[in-house]
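Have a look at work-v6.txt below; it lists compact mmCIF, C-alpha atoms and all ligand atoms.
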```
# COMPACT_ATOMS: atom_id res chain seq x y z
CA MET A 279 141.28 85.49 70.96
CA SER A 280 141.17 84.18 67.40
CA GLU A 281 138.20 82.24 66.04
CA SER A 282 140.58 80.73 63.51
CA THR A 283 140.34 77.00 62.95
CA SER A 284 142.71 76.38 60.06
CA GLU A 285 146.37 76.64 61.02
CA SER A 286 147.94 75.62 57.71
CA THR A 287 145.44 76.17 54.87
CA PRO A 288 146.54 79.00 52.55
CA ALA A 289 144.01 81.69 53.10
CA ILE A 290 142.93 85.23 52.31
CA ALA A 291 143.57 87.96 54.87
CA ILE A 292 141.45 91.12 54.85
CA VAL A 293 142.44 94.14 56.93
CA GLY A 294 139.61 96.66 57.42
CA THR A 295 136.05 95.35 57.43
CA GLY A 296 134.03 98.39 56.39
CA THR A 297 131.96 98.53 53.21
CA MET A 298 134.65 96.95 51.01
CA GLY A 299 136.34 94.57 53.43
CA GLN A 300 132.96 93.03 54.27
CA GLY A 301 132.06 92.57 50.61
CA ILE A 302 135.47 91.10 49.74
CA ALA A 303 135.23 88.71 52.71
CA GLN A 304 131.75 87.56 51.69
CA HIS A 305 132.72 86.99 48.09
CA CYS A 306 136.01 85.18 48.84
CA ALA A 307 134.19 82.86 51.27
CA GLN A 308 131.49 82.18 48.66
CA ARG A 309 134.24 81.26 46.18
CA GLY A 310 135.58 78.68 48.66
CA TYR A 311 138.46 80.55 50.30
CA ASP A 312 139.22 80.56 54.01
CA VAL A 313 139.01 84.22 54.97
CA HIS A 314 140.62 85.87 58.00
CA ILE A 315 139.30 89.34 58.78
CA VAL A 316 140.56 91.99 61.17
CA ASP A 317 139.59 95.59 61.94
CA SER A 318 141.14 98.08 64.37
CA VAL A 319 137.63 98.42 65.83
CA SER A 320 136.92 94.80 66.73
CA ALA A 321 133.15 95.47 66.84
CA ARG A 322 133.34 96.31 63.12
CA ALA A 323 134.75 92.87 62.28
CA GLU A 324 131.96 91.29 64.36
CA ALA A 325 129.39 93.55 62.64
CA ALA A 326 130.73 92.60 59.20
CA LYS A 327 130.33 88.89 59.92
CA PHE A 328 126.87 89.49 61.40
CA SER A 329 125.84 91.43 58.33
CA ILE A 330 127.12 88.66 56.02
CA THR A 331 125.15 86.16 58.15
CA GLN A 332 121.98 88.18 57.57
CA ILE A 333 122.66 88.40 53.82
CA PHE A 334 123.02 84.61 53.65
CA GLU A 335 119.83 84.10 55.68
CA ARG A 336 117.95 86.19 53.12
CA LEU A 337 119.53 84.17 50.28
CA VAL A 338 118.38 80.93 51.95
CA GLN A 339 114.86 82.34 52.41
CA LYS A 340 114.74 83.26 48.72
CA GLY A 341 115.92 79.76 47.78
CA LYS A 342 119.13 81.09 46.20
CA ILE A 343 121.47 79.02 48.37
CA ALA A 344 120.94 75.87 50.43
CA ASP A 345 121.17 76.02 54.21
CA ASP A 346 124.21 73.71 54.37
CA GLU A 347 126.02 75.94 51.86
CA ARG A 348 125.22 78.96 54.06
CA GLN A 349 126.72 77.19 57.08
CA ARG A 350 129.82 76.04 55.20
CA THR A 351 130.45 79.51 53.76
CA LEU A 352 130.02 81.29 57.09
CA ALA A 353 132.38 78.80 58.76
CA ARG A 354 135.10 79.92 56.33
CA ILE A 355 135.06 83.48 57.73
CA HIS A 356 137.30 83.82 60.77
CA ILE A 357 137.45 86.93 62.92
CA GLU A 358 140.98 87.78 64.04
CA THR A 359 142.15 90.41 66.49
CA THR A 360 145.58 91.17 65.03
CA ILE A 361 147.00 91.66 61.56
CA ALA A 362 149.62 89.02 62.40
CA GLY A 363 146.86 86.52 63.22
CA ALA A 364 144.95 87.32 60.03
CA THR A 365 147.94 87.06 57.70
CA LYS A 366 149.99 84.21 59.14
CA ASN A 367 148.85 81.61 56.55
CA ALA A 368 147.72 84.03 53.83
CA SER A 369 148.45 83.53 50.16
CA VAL A 370 146.78 86.88 49.40
CA ALA A 371 146.49 89.71 51.97
CA ILE A 372 144.24 92.63 51.07
CA GLU A 373 144.09 95.95 52.87
CA ALA A 374 140.74 97.78 52.76
CA VAL A 375 141.36 100.56 55.30
CA PRO A 376 140.49 104.24 54.65
CA GLU A 377 142.05 106.09 51.72
CA LEU A 378 144.99 107.61 53.67
CA ILE A 379 148.46 106.89 52.35
CA ASP A 380 150.35 106.85 55.68
CA LEU A 381 147.76 104.51 57.19
CA LYS A 382 147.92 102.16 54.21
CA VAL A 383 151.75 102.11 54.28
CA SER A 384 151.78 101.17 57.98
CA ILE A 385 149.17 98.43 57.41
CA LEU A 386 151.04 97.01 54.40
CA LYS A 387 154.29 96.99 56.42
CA GLU A 388 152.58 95.07 59.20
CA MET A 389 151.10 92.65 56.67
CA ALA A 390 154.53 92.14 55.06
CA ASN A 391 156.14 91.44 58.44
CA SER A 392 153.68 88.73 59.43
CA ALA A 393 152.56 87.11 56.16
CA PRO A 394 154.48 84.28 54.47
CA SER A 395 157.23 85.67 52.20
CA ASP A 396 155.36 84.62 49.04
CA CYS A 397 152.04 86.22 50.09
CA LEU A 398 150.70 88.71 47.55
CA LEU A 399 150.25 92.12 49.26
CA ALA A 400 147.21 93.80 47.76
CA THR A 401 145.71 97.23 48.26
CA ASN A 402 142.09 98.06 47.50
CA THR A 403 142.93 101.74 47.08
CA SER A 404 140.66 103.63 44.67
CA SER A 405 143.19 106.28 43.74
CA LEU A 406 146.47 106.29 45.70
CA SER A 407 149.79 105.41 44.06
CA VAL A 408 150.46 101.67 44.17
CA THR A 409 154.09 102.49 43.27
CA GLU A 410 154.43 104.72 46.34
CA LEU A 411 152.69 102.18 48.58
CA GLY A 412 155.08 99.45 47.35
CA ALA A 413 158.21 101.60 47.66
CA ARG A 414 157.40 102.94 51.13
CA THR A 415 156.51 99.45 52.31
CA GLY A 416 159.89 98.19 51.05
CA GLN A 417 157.99 95.55 49.03
CA ALA A 418 157.79 97.13 45.58
CA ALA A 419 157.69 93.81 43.69
CA ARG A 420 154.97 92.32 45.90
CA VAL A 421 152.50 95.18 46.27
CA VAL A 422 149.74 95.25 43.66
CA GLY A 423 146.41 97.07 43.38
CA LEU A 424 143.33 94.85 43.56
CA HIS A 425 140.61 97.42 43.08
CA PHE A 426 137.27 95.79 43.84
CA PHE A 427 133.93 97.48 43.18
CA ASN A 428 130.95 97.96 45.43
CA PRO A 429 128.94 95.77 46.08
CA VAL A 430 131.75 93.25 45.67
CA PRO A 431 129.66 90.05 45.30
CA ILE A 432 127.71 91.65 42.42
CA MET A 433 130.23 93.74 40.48
CA ASP A 434 132.10 91.87 37.78
CA LEU A 435 135.27 93.95 37.56
CA ILE A 436 138.59 93.93 39.39
CA GLU A 437 141.05 96.59 38.28
CA VAL A 438 144.55 95.17 38.73
CA VAL A 439 146.96 98.07 39.20
CA ARG A 440 150.60 97.49 38.37
CA GLY A 441 153.06 99.64 40.30
CA VAL A 442 156.24 100.64 38.46
CA ASP A 443 158.16 97.84 40.21
CA THR A 444 155.40 95.27 40.73
CA SER A 445 156.80 92.03 39.30
CA ASP A 446 155.23 90.43 36.23
CA GLU A 447 154.73 87.28 38.27
CA ASN A 448 152.71 89.12 40.91
CA VAL A 449 150.59 90.93 38.31
CA ALA A 450 149.85 87.52 36.79
CA ARG A 451 148.98 86.12 40.24
CA ALA A 452 146.63 89.04 40.83
CA VAL A 453 144.87 88.40 37.51
CA SER A 454 144.58 84.66 38.30
CA PHE A 455 143.15 85.46 41.71
CA ALA A 456 140.57 87.79 40.11
CA GLN A 457 139.61 84.98 37.71
CA ALA A 458 139.35 82.50 40.60
CA LEU A 459 136.88 84.95 42.15
CA ASN A 460 134.93 84.77 38.88
CA LYS A 461 135.64 88.43 38.09
CA SER A 462 136.95 90.04 34.92
CA ALA A 463 140.30 91.74 35.39
CA ILE A 464 141.70 94.75 33.58
CA VAL A 465 145.38 95.55 34.11
CA VAL A 466 146.05 99.26 34.47
CA ARG A 467 149.20 101.34 34.80
CA ASP A 468 149.63 103.17 38.09
CA VAL A 469 148.30 106.69 37.44
CA PRO A 470 146.17 108.74 39.88
CA GLY A 471 142.65 107.33 39.88
CA PHE A 472 143.66 104.50 37.51
CA ALA A 473 141.18 103.93 34.68
CA THR A 474 137.91 103.73 36.61
CA SER A 475 137.97 106.15 39.57
CA ARG A 476 139.29 108.96 37.41
CA LEU A 477 136.27 108.83 35.09
CA GLY A 478 133.66 107.77 37.65
CA VAL A 479 134.60 110.41 40.18
CA ILE A 480 134.55 113.30 37.71
CA LEU A 481 130.95 112.41 36.77
CA GLY A 482 129.92 112.33 40.44
CA CYS A 483 131.76 115.60 41.07
CA GLU A 484 129.97 117.38 38.21
CA ALA A 485 126.59 115.99 39.39
CA MET A 486 127.22 117.46 42.87
CA ARG A 487 128.07 120.85 41.35
CA MET A 488 124.78 120.67 39.43
CA VAL A 489 122.87 120.03 42.70
CA GLU A 490 124.69 123.04 44.23
CA GLN A 491 123.68 125.20 41.25
CA GLY A 492 120.04 124.04 41.45
CA VAL A 493 120.09 122.60 37.92
CA ALA A 494 117.79 119.76 39.00
CA SER A 495 117.16 117.58 42.06
CA ALA A 496 119.60 114.78 42.87
CA ALA A 497 116.96 112.21 41.93
CA ASP A 498 116.28 113.87 38.57
CA ILE A 499 119.98 114.20 37.73
CA ASP A 500 120.32 110.48 38.45
CA ARG A 501 117.23 109.63 36.38
CA GLY A 502 118.75 111.62 33.52
CA MET A 503 121.80 109.38 33.46
CA GLU A 504 119.85 106.17 34.13
CA LEU A 505 117.18 106.70 31.47
CA GLY A 506 119.04 108.92 29.02
CA TYR A 507 122.44 107.26 29.08
CA ARG A 508 121.54 103.77 30.32
CA HIS A 509 123.74 104.01 33.39
CA PRO A 510 122.55 101.29 35.78
CA MET A 511 122.74 103.81 38.62
CA GLY A 512 122.94 107.61 38.61
CA PRO A 513 126.15 109.30 39.86
CA LEU A 514 124.61 110.65 43.10
CA LYS A 515 123.03 107.35 44.16
CA LEU A 516 126.40 105.77 43.43
CA THR A 517 128.12 108.42 45.59
CA ASP A 518 125.75 107.48 48.44
CA LEU A 519 126.59 103.81 47.93
CA VAL A 520 130.35 104.42 47.85
CA GLY A 521 130.27 106.76 50.89
CA LEU A 522 130.64 110.54 50.70
CA ASP A 523 133.73 110.45 52.93
CA VAL A 524 135.37 107.91 50.63
CA ARG A 525 134.55 110.05 47.57
CA LEU A 526 135.91 113.17 49.29
CA ALA A 527 139.22 111.45 50.12
CA ILE A 528 139.58 110.33 46.48
CA LEU A 529 138.73 113.79 45.13
CA GLU A 530 141.23 115.47 47.48
CA HIS A 531 143.96 113.17 46.22
CA LEU A 532 143.04 113.59 42.53
CA HIS A 533 142.76 117.37 42.98
CA ARG A 534 146.36 117.43 44.29
CA GLU A 535 147.60 115.12 41.54
CA LEU A 536 145.57 116.07 38.47
CA GLY A 537 144.32 119.59 39.04
CA GLU A 538 141.35 121.88 39.28
CA GLN A 539 138.69 119.73 37.61
CA PHE A 540 138.82 117.42 40.67
CA ARG A 541 138.37 120.17 43.32
CA PRO A 542 135.84 118.73 45.83
CA PRO A 543 132.51 120.63 45.68
CA PRO A 544 131.77 122.59 48.92
CA LEU A 545 128.43 120.71 49.20
CA LEU A 546 130.34 117.42 49.53
CA ARG A 547 132.53 118.82 52.33
CA THR A 548 129.48 120.18 54.17
CA MET A 549 127.63 116.88 53.94
CA VAL A 550 130.66 114.94 55.20
CA ARG A 551 131.05 117.39 58.12
CA ALA A 552 127.36 116.85 58.93
CA GLY A 553 127.92 113.07 59.01
CA LYS A 554 125.70 112.52 55.96
CA LEU A 555 127.91 109.84 54.43
CA GLY A 556 125.27 108.06 52.31
CA LYS A 557 123.92 104.55 52.67
CA LYS A 558 126.17 103.63 55.60
CA THR A 559 124.83 106.44 57.82
CA GLY A 560 121.26 106.37 56.44
CA GLU A 561 121.45 109.74 54.68
CA GLY A 562 123.35 111.33 51.79
CA PHE A 563 121.77 112.61 48.58
CA TYR A 564 118.98 110.12 49.42
CA GLU A 565 117.58 108.77 52.65
CA TRP A 566 118.28 105.03 53.01
CA LYS A 567 115.95 102.51 54.63
CA ASP A 568 116.46 98.74 54.68
CA GLY A 569 119.30 99.14 52.18
CA LEU A 570 117.12 101.03 49.66
CA PRO A 571 117.27 104.71 48.62
CA ILE A 572 114.27 106.96 49.26
CA VAL A 573 114.06 110.24 47.36
CA LYS A 574 114.34 113.15 49.82
CA ALA A 575 111.48 115.62 50.06
CA ARG A 576 112.53 118.75 48.15
P1 LIG B 1 135.12 102.12 55.33
O1 LIG B 1 135.35 103.40 56.03
O2 LIG B 1 133.74 101.61 55.14
O3 LIG B 1 135.96 100.94 56.08
C1 LIG B 1 137.29 101.08 56.48
C2 LIG B 1 137.52 100.15 57.66
O4 LIG B 1 138.90 100.15 58.00
C3 LIG B 1 136.75 100.58 58.93
O5 LIG B 1 135.98 99.48 59.42
C4 LIG B 1 137.86 100.96 59.90
O6 LIG B 1 137.54 100.67 61.27
C5 LIG B 1 139.00 100.09 59.41
N1 LIG B 1 140.31 100.56 59.84
C6 LIG B 1 140.75 101.85 59.99
N2 LIG B 1 142.01 101.83 60.44
C7 LIG B 1 142.39 100.54 60.56
C8 LIG B 1 143.57 99.90 61.02
N3 LIG B 1 144.63 100.60 61.43
N4 LIG B 1 143.60 98.54 61.06
C9 LIG B 1 142.52 97.82 60.65
N5 LIG B 1 141.36 98.38 60.24
C10 LIG B 1 141.30 99.72 60.19
O7 LIG B 1 135.87 102.27 53.93
P2 LIG B 1 135.58 101.48 52.55
O8 LIG B 1 134.51 102.19 51.82
O9 LIG B 1 135.44 100.02 52.85
O10 LIG B 1 136.96 101.79 51.77
C11 LIG B 1 138.14 101.08 52.07
C12 LIG B 1 139.10 101.23 50.90
O11 LIG B 1 138.49 100.72 49.72
C13 LIG B 1 139.50 102.68 50.59
O12 LIG B 1 140.82 102.69 50.13
C14 LIG B 1 138.55 103.05 49.46
O13 LIG B 1 139.06 104.08 48.65
C15 LIG B 1 138.49 101.73 48.71
N6 LIG B 1 137.29 101.52 47.88
C16 LIG B 1 136.07 101.89 48.33
C17 LIG B 1 134.95 101.66 47.52
C18 LIG B 1 133.56 102.00 48.00
O14 LIG B 1 132.62 101.94 47.17
N7 LIG B 1 133.35 102.34 49.27
C19 LIG B 1 135.08 101.05 46.26
C20 LIG B 1 136.35 100.65 45.84
C21 LIG B 1 137.47 100.89 46.67
```

Show this structure as structure tokens.
Amino acid sequence: MSESTSESTPAIAIVGTGTMGQGIAQHCAQRGYDVHIVDSVSARAEAAKFSITQIFERLVQKGKIADDERQRTLARIHIETTIAGATKNASVAIEAVPELIDLKVSILKEMANSAPSDCLLATNTSSLSVTELGARTGQAARVVGLHFFNPVPIMDLIEVVRGVDTSDENVARAVSFAQALNKSAIVVRDVPGFATSRLGVILGCEAMRMVEQGVASAADIDRGMELGYRHPMGPLKLTDLVGLDVRLAILEHLHRELGEQFRPPPLLRTMVRAGKLGKKTGEGFYEWKDGLPIVKAR
């Protein structure tokens, strides 16, 4: 059964409530949107809302938001059990399911079938072809990349990815939506990995090869980039934050599309097979406790 209260208010639909879907839901609700979330594992949608509730409680305790604002914002997040329920009044529908093209096509098709005909169909893909997603969905003009960054409420950028046939009007709507979320938008042509993942992932990939080769510890490689190059976070800590499985899926795609320099390091595959996915499972290149990284004993 739907928790939805608003039958006619234009709203944001979010399909997939993992790391990114949760962050997008939190941020959209904080910016005043009604948000309808759905996940194929209903417990994950519940867990996402619970986790957002806890984040807001901490913000109230720290005096960063008032209690009535917390209540109002939480009330804007509605858990739905079907994609049709989540998208029926949506002005923007965003998919944030795993980085698998067939899965994303089927989700976008379902979104297109149930959302109003003028609803923007957005994908949060980090690397897959927005052109292919649009063409295979049969909605080439309406599908656009809205590439959010993790953690969504904190990161300032949205990369708007224009598929070959995405209409100018829908690119402009995507940029306006990004601005309404108080984010800066860059508009990027649809190439594998766009502008950001292509550069970010190659740095992470090289850092993993350096761990494999025993050049330095993960923590020291990160410190090198943080202190020597003023990166706010080293590439291995960032890989833990993103999720090693997510990084592996992106690398596999970029390896197929762009060649050898993106071949996933064997260490990454081994860690994913071992279930060491980073922050979300409590262990990756670091151990994670209470949302903070702890340097592993060497
Ligand atoms: P995740 O694994 O944390 O979450 C994915 C969610 O989708 C899960 O809760 C899963 O149950 C759900 N799901 C799977 N199949 C579904 C279906 N058929 N219907 C509805 N829900 C379904 O993944 P994530 O890290 O949130 O990544 C999601 C997307 O965002 C990927 O395309 C990824 O490349 C992209 N992305 C990730 C990051 C990051 O830092 N993790 C950053 C930018 C973009």

Using only C-alpha atoms and all ligand atoms, find each protein or nucleic acid residue lying at most 6 Å from ligand LIG 1 (chain B); present the set as a short mmCIF file (atom, residue, chain, number, x, y, z; two decimals) with C-alpha atoms, keeping the file's coordinate frame.
```
data_model
loop_
_atom_site.label_atom_id
_atom_site.label_comp_id
_atom_site.auth_asym_id
_atom_site.auth_seq_id
_atom_site.Cartn_x
_atom_site.Cartn_y
_atom_site.Cartn_z
CA VAL A 293 142.44 94.14 56.93
CA GLY A 294 139.61 96.66 57.42
CA THR A 295 136.05 95.35 57.43
CA GLY A 296 134.03 98.39 56.39
CA THR A 297 131.96 98.53 53.21
CA MET A 298 134.65 96.95 51.01
CA GLY A 299 136.34 94.57 53.43
CA ASP A 317 139.59 95.59 61.94
CA SER A 318 141.14 98.08 64.37
CA VAL A 319 137.63 98.42 65.83
CA ARG A 322 133.34 96.31 63.12
CA ALA A 374 140.74 97.78 52.76
CA VAL A 375 141.36 100.56 55.30
CA PRO A 376 140.49 104.24 54.65
CA GLU A 377 142.05 106.09 51.72
CA ASN A 402 142.09 98.06 47.50
CA THR A 403 142.93 101.74 47.08
CA SER A 404 140.66 103.63 44.67
CA HIS A 425 140.61 97.42 43.08
CA PHE A 426 137.27 95.79 43.84
CA PHE A 427 133.93 97.48 43.18
CA ASN A 428 130.95 97.96 45.43
CA VAL A 520 130.35 104.42 47.85
CA GLY A 521 130.27 106.76 50.89
CA VAL A 524 135.37 107.91 50.63
#
```

Item to check | Within 12 Å of file point (133.2, 83.7, 51.0), counting all atoms listed in the file, expressed as JSON, numbers by chain | outcome: {"A": [289, 290, 291, 292, 299, 300, 301, 302, 303, 304, 305, 306, 307, 308, 309, 310, 311, 312, 313, 314, 315, 327, 330, 331, 333, 334, 347, 348, 349, 350, 351, 352, 353, 354, 355, 356, 430, 431, 459]}

Next on the checklist: Between A:Val465, A:Leu378, A:Ser395, A:Leu477, which residue has the minimum interatomic distance to Asp523 (chain A), considering all atoms listed in the file?
Outcome noted: A:Leu378

Next on the checklist: Under the rule that all atoms listed in the file are counted, which of A:Leu406, A:Ala497, A:Cys483, A:Met389 is the nearest residue to Thr365 (chain A)?
Outcome noted: A:Met389

I'd like the contact shell of Pro544 (chain A) - 12 Å cut-off, all atoms listed in the file, skipping same-chain residues fewer than 5 positions apart - returned as a PDB file with C-alpha atoms, in the coordinates of the input.
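The new file selection38.pdb reads:
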```pdb
ATOM      1  CA  CYS A 483     131.760 115.600  41.070  1.00  0.00           C
ATOM      2  CA  MET A 486     127.220 117.460  42.870  1.00  0.00           C
ATOM      3  CA  ARG A 487     128.070 120.850  41.350  1.00  0.00           C
ATOM      4  CA  MET A 488     124.780 120.670  39.430  1.00  0.00           C
ATOM      5  CA  VAL A 489     122.870 120.030  42.700  1.00  0.00           C
ATOM      6  CA  GLU A 490     124.690 123.040  44.230  1.00  0.00           C
ATOM      7  CA  GLN A 491     123.680 125.200  41.250  1.00  0.00           C
ATOM      8  CA  LEU A 526     135.910 113.170  49.290  1.00  0.00           C
ATOM      9  CA  LEU A 529     138.730 113.790  45.130  1.00  0.00           C
ATOM     10  CA  GLU A 530     141.230 115.470  47.480  1.00  0.00           C
ATOM     11  CA  MET A 549     127.630 116.880  53.940  1.00  0.00           C
ATOM     12  CA  VAL A 550     130.660 114.940  55.200  1.00  0.00           C
ATOM     13  CA  ARG A 551     131.050 117.390  58.120  1.00  0.00           C
TER      14      ARG A 551
END
```

Next on the checklist: Every residue with an atom at most 10 Å from (157.3, 92.0, 51.7) (file coordinates; all atoms listed in the file) is what I'm after, so could you write them as a ChimeraX atom specification?
Outcome noted: /A:386-399,412,415-421

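Using only C-alpha atoms, the shortest contact distance between Met503 (chain A) and any of A:Arg414, A:His531, A:Lys554, A:Lys515 is found at A:Lys515.
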
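Taking all atoms listed in the file into account, Leu522 (chain A) lies nearest to A:Arg547 out of the set A:Arg467, A:Arg547, A:Arg541, A:Lys340.
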
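Taking CA of Trp566 (chain A) and CA of His533 (chain A) as endpoints, the distance between them is 29.2 Å.
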
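A straight line drawn from CA of Asp468 (chain A) to CA of Leu411 (chain A) is 11.0 Å long.
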
Checklist entry - Using all atoms listed in the file, which residue out of A:Ile357, A:Ala371, A:Ala344, A:Met511 lies closest to Glu324 (chain A)? => result A:Ile357

Please reconstruct the missing atoms of region 337-353 of chain A (target: N, CA and C atoms) and return them as a compact mmCIF listing (two decimals), in the coordinates of the input.
```txt
# COMPACT_ATOMS: atom_id res chain seq x y z
N LEU A 337 119.33 84.98 51.49
CA LEU A 337 119.53 84.17 50.28
C LEU A 337 118.91 82.79 50.45
N VAL A 338 119.00 82.24 51.68
CA VAL A 338 118.38 80.93 51.95
C VAL A 338 116.86 81.07 51.83
N GLN A 339 116.32 82.14 52.45
CA GLN A 339 114.86 82.34 52.41
C GLN A 339 114.35 82.46 50.97
N LYS A 340 115.15 83.09 50.13
CA LYS A 340 114.74 83.26 48.72
C LYS A 340 115.04 82.02 47.89
N GLY A 341 115.62 81.00 48.50
CA GLY A 341 115.92 79.76 47.78
C GLY A 341 117.14 79.87 46.87
N LYS A 342 117.97 80.90 47.09
CA LYS A 342 119.13 81.09 46.20
C LYS A 342 120.33 80.26 46.62
N ILE A 343 120.44 79.96 47.92
CA ILE A 343 121.47 79.02 48.37
C ILE A 343 120.84 78.06 49.37
N ALA A 344 121.45 76.87 49.48
CA ALA A 344 120.94 75.87 50.43
C ALA A 344 121.48 76.19 51.82
N ASP A 345 120.77 75.70 52.84
CA ASP A 345 121.17 76.02 54.21
C ASP A 345 122.55 75.47 54.55
N ASP A 346 122.88 74.25 54.03
CA ASP A 346 124.21 73.71 54.37
C ASP A 346 125.32 74.52 53.71
N GLU A 347 125.02 75.08 52.53
CA GLU A 347 126.02 75.94 51.86
C GLU A 347 126.22 77.21 52.69
N ARG A 348 125.13 77.76 53.20
CA ARG A 348 125.22 78.96 54.06
C ARG A 348 126.14 78.69 55.24
N GLN A 349 125.92 77.51 55.89
CA GLN A 349 126.72 77.19 57.08
C GLN A 349 128.20 77.00 56.72
N ARG A 350 128.43 76.30 55.61
CA ARG A 350 129.82 76.04 55.20
C ARG A 350 130.54 77.36 54.88
N THR A 351 129.82 78.24 54.17
CA THR A 351 130.45 79.51 53.76
C THR A 351 130.75 80.38 54.98
N LEU A 352 129.80 80.46 55.88
CA LEU A 352 130.02 81.29 57.09
C LEU A 352 131.18 80.75 57.92
N ALA A 353 131.31 79.41 57.96
CA ALA A 353 132.38 78.80 58.76
C ALA A 353 133.76 79.12 58.19
```
